[in-house]
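**Student:** Before we start, here is the structure in question, set down as C-alpha cells.
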Amino acid sequence: MKFVQIMTVGAIVALAISGCSDKASSNSNQQRPQNKVNNIEVNNTKEGVKEVEGKATIETSKANDKKMNSVDYSQYYNNQDKSKVVVSGKQIVWKNKDVTFTAKLTKAKGEEAAEANEVVDSMKIKSKRGEQLVKLNPRPLRVNSLSLSKSNQIALHVSDHEGKRLVLINLSDGTETIVNMFDMNSNGAGSEKIDAYNWSPDGKKIAFGIGNLGSSYIGVYDVEHKSYTHVSDKDFTLISSIVWHKEGKSFDFVSKGDDSPQAILYTYSESKKSILKKGSLSKNDEQKLAQLTPNFKSESYEN
C-alpha cells in the first residue's frame, strides 16, 4: 500500500480526501506486522520513532459475561463538539476554532473508477501559520474524520481501496507523520488500516486501533517524545471507539469481533500497564461512545 507524500509550497500544504465510501473487505487470516519503527521514512526524510517496550496485561472484571448496567460518561474527555462539517456540491469544509480544512472532490479516473465515482482531488488547511496544501498518493476514496488536538496537531483519517490511513499534521511547523508506518512488516510496508482514534486531553498522545484488514491492536503515540507503544498483542479484530478519561492516564475502547456483533468495553491504564475487560455494552451505550470518537456523521455527506 502506498502512503502519504506531502508537498510544501512556501507556507502552503496540499491534502486529498474523498466523499465516497470505501469498499475494504475483511481478511481475518492476516497477521499483525512485525514491530520495526526506527528511522521511519516520512516525507522523504528520516524521522526516528522509538518503540516503548512492555505490553499490557489483560484483566477481566466479574461482569465480563454480563451486559454492563451503566457507563459513567462524566469520566470522559470530549472534544468532538467543537468542530463542524459542511458539504456544498463537490466541496467538504471542516472547521474547528481558527483552523479550516477544505477538500474538493473530483470524478474518479482509470483504476479509481472501479472503486468509486468520486475521489478526493485536493485538500487545504488554513490556520494561523498560513495555508498548507497536501497531496495523498494514491488519492483516497473518502475522508472519514479530522480531529484537532490541544498540542496544535490535526489527525486526518481517510479510506483507501484497501485499508485506512491516519496522518498527523503539525500545524506549528507543517510536518506530518504517517501512523500506519509504526507497524511495518519485513518488506517495509506499514499497517493496512487504522480504526478508531482519539487525542488525549492534553493533546500530547493519540490512541488508535492499528492492524491489517480483519485485525486490530491498540497503539499509543506520544507526539512530544516521538515514541510509539504497541500496547498489547491481543487481536481485538475491530476497534470502533476510543475515549480518553479526563485525567489523561487511561482510556476506554470498544471492540467488536467477527464471530459476534456484541460490542465489548475495555479500559487501558497507562500507570498499571493493564487492559481490563469490563463487559458487553447495550446498543445505546455503544452509540454514545461512538459519538465521543472522531467521525464524520453520515448526514455530513448529504447535499
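Chain labels A, B, ... are given in the sequence in which chains occur in the C-alpha cells; within each chain residues are numbered consecutively from 1, and ligands are likewise numbered from 1 in the order shown.
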As a list in words, please: every residue in segment 101-225 of chain A that DSSP puts in helix (DSSP H, G or I).

**Tutor:**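 Result set for segment 101-225 of chain A (helix (DSSP H, G or I)): Gly110, Glu111, Glu112, Ala113, Ala114, Val179, Asn180, Met181 and Phe182 of chain A.
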
**Student:** Just the selected residues (all heavy atoms), exported as a PDB file, in the first residue's frame, please.

**Tutor:**
```
ATOM      1  N   GLY A 110      -9.555   6.160 -14.504  1.00  0.00           N
ATOM      2  CA  GLY A 110      -8.765   4.937 -14.614  1.00  0.00           C
ATOM      3  C   GLY A 110      -9.176   3.880 -13.618  1.00  0.00           C
ATOM      4  O   GLY A 110     -10.367   3.562 -13.466  1.00  0.00           O
ATOM      5  N   GLU A 111      -8.186   3.333 -12.913  1.00  0.00           N
ATOM      6  CA  GLU A 111      -8.442   2.280 -11.941  1.00  0.00           C
ATOM      7  C   GLU A 111      -9.291   2.778 -10.779  1.00  0.00           C
ATOM      8  O   GLU A 111      -9.994   1.993 -10.137  1.00  0.00           O
ATOM      9  CB  GLU A 111      -7.121   1.714 -11.414  1.00  0.00           C
ATOM     10  CG  GLU A 111      -6.292   1.007 -12.472  1.00  0.00           C
ATOM     11  CD  GLU A 111      -5.004   0.438 -11.906  1.00  0.00           C
ATOM     12  OE1 GLU A 111      -4.753   0.680 -10.702  1.00  0.00           O
ATOM     13  OE2 GLU A 111      -4.266  -0.214 -12.656  1.00  0.00           O
ATOM     14  N   GLU A 112      -9.241   4.067 -10.490  1.00  0.00           N
ATOM     15  CA  GLU A 112     -10.033   4.634  -9.396  1.00  0.00           C
ATOM     16  C   GLU A 112     -11.529   4.431  -9.636  1.00  0.00           C
ATOM     17  O   GLU A 112     -12.302   4.216  -8.701  1.00  0.00           O
ATOM     18  CB  GLU A 112      -9.759   6.130  -9.257  1.00  0.00           C
ATOM     19  CG  GLU A 112      -8.350   6.482  -8.851  1.00  0.00           C
ATOM     20  CD  GLU A 112      -8.121   7.976  -8.880  1.00  0.00           C
ATOM     21  OE1 GLU A 112      -8.877   8.686  -9.588  1.00  0.00           O
ATOM     22  OE2 GLU A 112      -7.196   8.450  -8.188  1.00  0.00           O
ATOM     23  N   ALA A 113     -11.939   4.508 -10.898  1.00  0.00           N
ATOM     24  CA  ALA A 113     -13.361   4.431 -11.236  1.00  0.00           C
ATOM     25  C   ALA A 113     -13.968   3.086 -10.882  1.00  0.00           C
ATOM     26  O   ALA A 113     -15.184   2.966 -10.721  1.00  0.00           O
ATOM     27  CB  ALA A 113     -13.558   4.726 -12.714  1.00  0.00           C
ATOM     28  N   ALA A 114     -13.137   2.063 -10.751  1.00  0.00           N
ATOM     29  CA  ALA A 114     -13.639   0.742 -10.373  1.00  0.00           C
ATOM     30  C   ALA A 114     -13.999   0.680  -8.895  1.00  0.00           C
ATOM     31  O   ALA A 114     -14.720  -0.211  -8.458  1.00  0.00           O
ATOM     32  CB  ALA A 114     -12.590  -0.324 -10.694  1.00  0.00           C
ATOM     33  N   VAL A 179       0.826   7.376  10.708  1.00  0.00           N
ATOM     34  CA  VAL A 179       0.674   6.434  11.824  1.00  0.00           C
ATOM     35  C   VAL A 179       0.785   4.992  11.346  1.00  0.00           C
ATOM     36  O   VAL A 179       1.316   4.134  12.060  1.00  0.00           O
ATOM     37  CB  VAL A 179      -0.668   6.676  12.547  1.00  0.00           C
ATOM     38  CG1 VAL A 179      -0.928   5.616  13.598  1.00  0.00           C
ATOM     39  CG2 VAL A 179      -0.670   8.065  13.185  1.00  0.00           C
ATOM     40  N   ASN A 180       0.312   4.678  10.142  1.00  0.00           N
ATOM     41  CA  ASN A 180       0.371   3.310   9.612  1.00  0.00           C
ATOM     42  C   ASN A 180       1.789   2.752   9.602  1.00  0.00           C
ATOM     43  O   ASN A 180       1.991   1.537   9.687  1.00  0.00           O
ATOM     44  CB  ASN A 180      -0.182   3.265   8.189  1.00  0.00           C
ATOM     45  CG  ASN A 180      -1.617   3.714   8.099  1.00  0.00           C
ATOM     46  OD1 ASN A 180      -1.906   4.893   8.336  1.00  0.00           O
ATOM     47  ND2 ASN A 180      -2.530   2.815   7.752  1.00  0.00           N
ATOM     48  N   MET A 181       2.783   3.630   9.514  1.00  0.00           N
ATOM     49  CA  MET A 181       4.176   3.186   9.412  1.00  0.00           C
ATOM     50  C   MET A 181       4.783   2.760  10.742  1.00  0.00           C
ATOM     51  O   MET A 181       5.925   2.301  10.781  1.00  0.00           O
ATOM     52  CB  MET A 181       5.026   4.296   8.785  1.00  0.00           C
ATOM     53  CG  MET A 181       4.602   4.684   7.380  1.00  0.00           C
ATOM     54  SD  MET A 181       4.614   3.296   6.228  1.00  0.00           S
ATOM     55  CE  MET A 181       6.382   3.014   6.086  1.00  0.00           C
ATOM     56  N   PHE A 182       4.047   2.889  11.841  1.00  0.00           N
ATOM     57  CA  PHE A 182       4.588   2.486  13.137  1.00  0.00           C
ATOM     58  C   PHE A 182       4.726   0.974  13.248  1.00  0.00           C
ATOM     59  O   PHE A 182       5.553   0.468  13.998  1.00  0.00           O
ATOM     60  CB  PHE A 182       3.705   3.003  14.277  1.00  0.00           C
ATOM     61  CG  PHE A 182       3.706   4.500  14.413  1.00  0.00           C
ATOM     62  CD1 PHE A 182       2.758   5.135  15.185  1.00  0.00           C
ATOM     63  CD2 PHE A 182       4.647   5.279  13.773  1.00  0.00           C
ATOM     64  CE1 PHE A 182       2.747   6.511  15.325  1.00  0.00           C
ATOM     65  CE2 PHE A 182       4.654   6.655  13.893  1.00  0.00           C
ATOM     66  CZ  PHE A 182       3.693   7.271  14.673  1.00  0.00           C
TER      67      PHE A 182
END
```

**Student:** Report as a tab-separated table the residues of segment 201-241 of chain A within 7 Å of segment 252-266 of chain A, each with its shortest atom pair and distance in Å (one decimal), using only C-alpha atoms, ordered by chain and increasing residue number.

**Tutor:**
```
residue	atom	partner	partner_atom	distance
A:Phe236	CA	A:Ser255	CA	5.8
A:Thr237	CA	A:Gly257	CA	5.2
A:Leu238	CA	A:Lys256	CA	5.3
A:Ile239	CA	A:Ser255	CA	4.6
A:Ser240	CA	A:Val254	CA	5.6
A:Ser241	CA	A:Val254	CA	5.1
```

**Student:** Counting only C-alpha atoms, which of A:Met184, A:Leu156, A:Val243, A:Val99 gets nearest to Asn78 of chain A?

**Tutor:** A:Val243

**Student:** List as a PyMOL selection string the protein and nucleic acid residues near segment 189-201 of chain A, meaning an atom at most 9 Å away when only C-alpha atoms are counted, but skip any in the same chain fewer than 3 places from it.

**Tutor:** chain A and resi 1-3+32-33+77-79+147-150+155+157+159+162-166+179-186+204-213+215-216+238-251+253+292-295

**Student:** Select from segment 14-256 of chain A everything DSSP, run on the backbone, classes as strand (DSSP E), then give the selection as a ChimeraX atom specification.

**Tutor:** /A:14-15,40-42,45-47,50-52,57-60,83-88,91-96,99-107,118-127,130-134,142-148,153-159,164-170,176-178,193-199,205-211,217-222,227-230,239-244,250-255

**Student:** Can I get the selected residues back with C-alpha atoms, as an mmCIF file, in the first residue's frame?

**Tutor:**
```cif
data_model
loop_
_atom_site.group_PDB
_atom_site.id
_atom_site.type_symbol
_atom_site.label_atom_id
_atom_site.label_comp_id
_atom_site.auth_asym_id
_atom_site.auth_seq_id
_atom_site.Cartn_x
_atom_site.Cartn_y
_atom_site.Cartn_z
ATOM 1 C CA ALA A 14 -1.771 20.232 -0.003
ATOM 2 C CA LEU A 15 -4.103 17.347 1.111
ATOM 3 C CA ILE A 40 10.622 5.591 9.561
ATOM 4 C CA GLU A 41 10.612 7.327 6.183
ATOM 5 C CA VAL A 42 8.206 10.265 6.224
ATOM 6 C CA THR A 45 13.094 12.368 5.275
ATOM 7 C CA LYS A 46 14.105 10.092 8.140
ATOM 8 C CA GLU A 47 12.146 10.619 11.342
ATOM 9 C CA LYS A 50 11.210 4.787 19.094
ATOM 10 C CA GLU A 51 9.031 1.970 20.311
ATOM 11 C CA VAL A 52 8.353 1.697 24.035
ATOM 12 C CA THR A 57 -1.653 -7.440 30.824
ATOM 13 C CA ILE A 58 -5.256 -8.419 30.085
ATOM 14 C CA GLU A 59 -7.591 -8.491 33.077
ATOM 15 C CA THR A 60 -11.244 -9.499 33.335
ATOM 16 C CA SER A 83 -15.955 21.015 15.054
ATOM 17 C CA LYS A 84 -18.398 21.487 12.196
ATOM 18 C CA VAL A 85 -18.628 19.848 8.785
ATOM 19 C CA VAL A 86 -20.385 21.482 5.835
ATOM 20 C CA VAL A 87 -20.833 19.847 2.421
ATOM 21 C CA SER A 88 -21.626 22.010 -0.604
ATOM 22 C CA GLN A 91 -16.553 20.623 -1.529
ATOM 23 C CA ILE A 92 -16.200 19.484 2.088
ATOM 24 C CA VAL A 93 -15.332 22.111 4.712
ATOM 25 C CA TRP A 94 -14.360 21.208 8.284
ATOM 26 C CA LYS A 95 -13.857 23.928 10.908
ATOM 27 C CA ASN A 96 -12.539 23.836 14.460
ATOM 28 C CA VAL A 99 -8.476 26.002 11.709
ATOM 29 C CA THR A 100 -10.314 25.347 8.429
ATOM 30 C CA PHE A 101 -9.865 22.246 6.295
ATOM 31 C CA THR A 102 -11.227 22.178 2.739
ATOM 32 C CA ALA A 103 -11.378 19.115 0.482
ATOM 33 C CA LYS A 104 -12.513 19.110 -3.142
ATOM 34 C CA LEU A 105 -13.934 16.039 -4.837
ATOM 35 C CA THR A 106 -13.458 15.053 -8.460
ATOM 36 C CA LYS A 107 -14.604 12.304 -10.806
ATOM 37 C CA GLU A 118 -15.519 10.316 -6.913
ATOM 38 C CA VAL A 119 -12.175 10.685 -5.171
ATOM 39 C CA VAL A 120 -10.538 13.463 -3.201
ATOM 40 C CA ASP A 121 -8.651 15.694 -5.590
ATOM 41 C CA SER A 122 -7.162 18.300 -3.257
ATOM 42 C CA MET A 123 -7.081 19.348 0.378
ATOM 43 C CA LYS A 124 -6.103 22.590 2.067
ATOM 44 C CA ILE A 125 -5.594 23.563 5.708
ATOM 45 C CA LYS A 126 -5.818 27.212 6.740
ATOM 46 C CA SER A 127 -4.529 28.179 10.189
ATOM 47 C CA GLY A 130 -0.915 30.113 6.774
ATOM 48 C CA GLU A 131 -2.219 27.702 4.134
ATOM 49 C CA GLN A 132 -0.931 24.177 3.625
ATOM 50 C CA LEU A 133 -1.579 22.065 0.527
ATOM 51 C CA VAL A 134 -1.186 18.302 0.848
ATOM 52 C CA ARG A 142 -13.172 9.086 1.450
ATOM 53 C CA VAL A 143 -12.370 11.454 4.297
ATOM 54 C CA ASN A 144 -13.615 9.773 7.461
ATOM 55 C CA SER A 145 -12.775 12.445 10.038
ATOM 56 C CA LEU A 146 -10.406 15.112 11.337
ATOM 57 C CA SER A 147 -9.579 15.994 14.922
ATOM 58 C CA LEU A 148 -7.654 18.944 16.363
ATOM 59 C CA GLN A 153 -1.929 18.977 15.566
ATOM 60 C CA ILE A 154 -4.585 17.628 13.219
ATOM 61 C CA ALA A 155 -5.317 13.921 12.863
ATOM 62 C CA LEU A 156 -6.582 13.193 9.340
ATOM 63 C CA HIS A 157 -8.297 9.819 8.779
ATOM 64 C CA VAL A 158 -9.023 8.660 5.209
ATOM 65 C CA SER A 159 -10.225 5.484 3.498
ATOM 66 C CA LYS A 164 -7.428 3.340 6.042
ATOM 67 C CA ARG A 165 -4.669 5.875 6.682
ATOM 68 C CA LEU A 166 -4.156 8.174 9.663
ATOM 69 C CA VAL A 167 -1.881 11.196 9.168
ATOM 70 C CA LEU A 168 -0.837 13.586 11.947
ATOM 71 C CA ILE A 169 -0.179 17.139 10.717
ATOM 72 C CA ASN A 170 1.706 19.553 12.964
ATOM 73 C CA GLU A 176 3.358 15.210 9.180
ATOM 74 C CA THR A 177 3.579 11.659 10.488
ATOM 75 C CA ILE A 178 2.030 8.549 8.960
ATOM 76 C CA LYS A 193 -5.624 0.224 8.415
ATOM 77 C CA ILE A 194 -6.221 2.446 11.388
ATOM 78 C CA ASP A 195 -9.570 2.000 13.145
ATOM 79 C CA ALA A 196 -10.912 4.453 15.745
ATOM 80 C CA TYR A 197 -8.545 7.036 17.270
ATOM 81 C CA ASN A 198 -8.649 9.893 19.767
ATOM 82 C CA TRP A 199 -6.402 12.576 21.272
ATOM 83 C CA LYS A 205 -0.768 11.478 22.941
ATOM 84 C CA ILE A 206 -3.085 9.788 20.499
ATOM 85 C CA ALA A 207 -4.549 6.289 20.925
ATOM 86 C CA PHE A 208 -5.721 4.217 17.975
ATOM 87 C CA GLY A 209 -6.565 0.776 16.660
ATOM 88 C CA ILE A 210 -3.856 -0.403 14.225
ATOM 89 C CA GLY A 211 -3.563 -3.563 12.136
ATOM 90 C CA TYR A 217 -4.407 -3.836 18.074
ATOM 91 C CA ILE A 218 -4.209 -0.915 20.484
ATOM 92 C CA GLY A 219 -1.379 1.571 19.930
ATOM 93 C CA VAL A 220 -0.432 4.878 21.580
ATOM 94 C CA TYR A 221 1.829 7.542 20.079
ATOM 95 C CA ASP A 222 3.470 10.276 22.153
ATOM 96 C CA SER A 227 7.558 7.357 20.925
ATOM 97 C CA TYR A 228 5.167 4.588 19.907
ATOM 98 C CA THR A 229 3.751 1.965 22.277
ATOM 99 C CA HIS A 230 2.216 -1.222 20.913
ATOM 100 C CA ILE A 239 -11.859 -1.156 17.494
ATOM 101 C CA SER A 240 -14.906 1.019 16.865
ATOM 102 C CA SER A 241 -14.494 3.690 19.590
ATOM 103 C CA ILE A 242 -11.752 5.172 21.788
ATOM 104 C CA VAL A 243 -12.470 7.712 24.547
ATOM 105 C CA TRP A 244 -9.893 9.119 26.993
ATOM 106 C CA SER A 250 -6.294 5.906 30.801
ATOM 107 C CA PHE A 251 -8.898 5.422 28.101
ATOM 108 C CA ASP A 252 -11.801 3.155 27.214
ATOM 109 C CA PHE A 253 -12.185 1.400 23.878
ATOM 110 C CA VAL A 254 -14.892 -0.689 22.233
ATOM 111 C CA SER A 255 -14.118 -3.922 20.384
#
```

**Student:** Just to confirm, what's the straight-line distance from atom CA of Glu286 of chain A to atom CA of Ser70 of chain A in Å (one decimal)?

**Tutor:** 11.2 Å

**Student:** Using only C-alpha atoms, which of the listed residues (A:Ala116, A:Asn152, A:Lys135, A:Lys67) sits closest to Asp98 of chain A?

**Tutor:**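 Of all the options, A:Asn152 lies closest to Asp98 of chain A.
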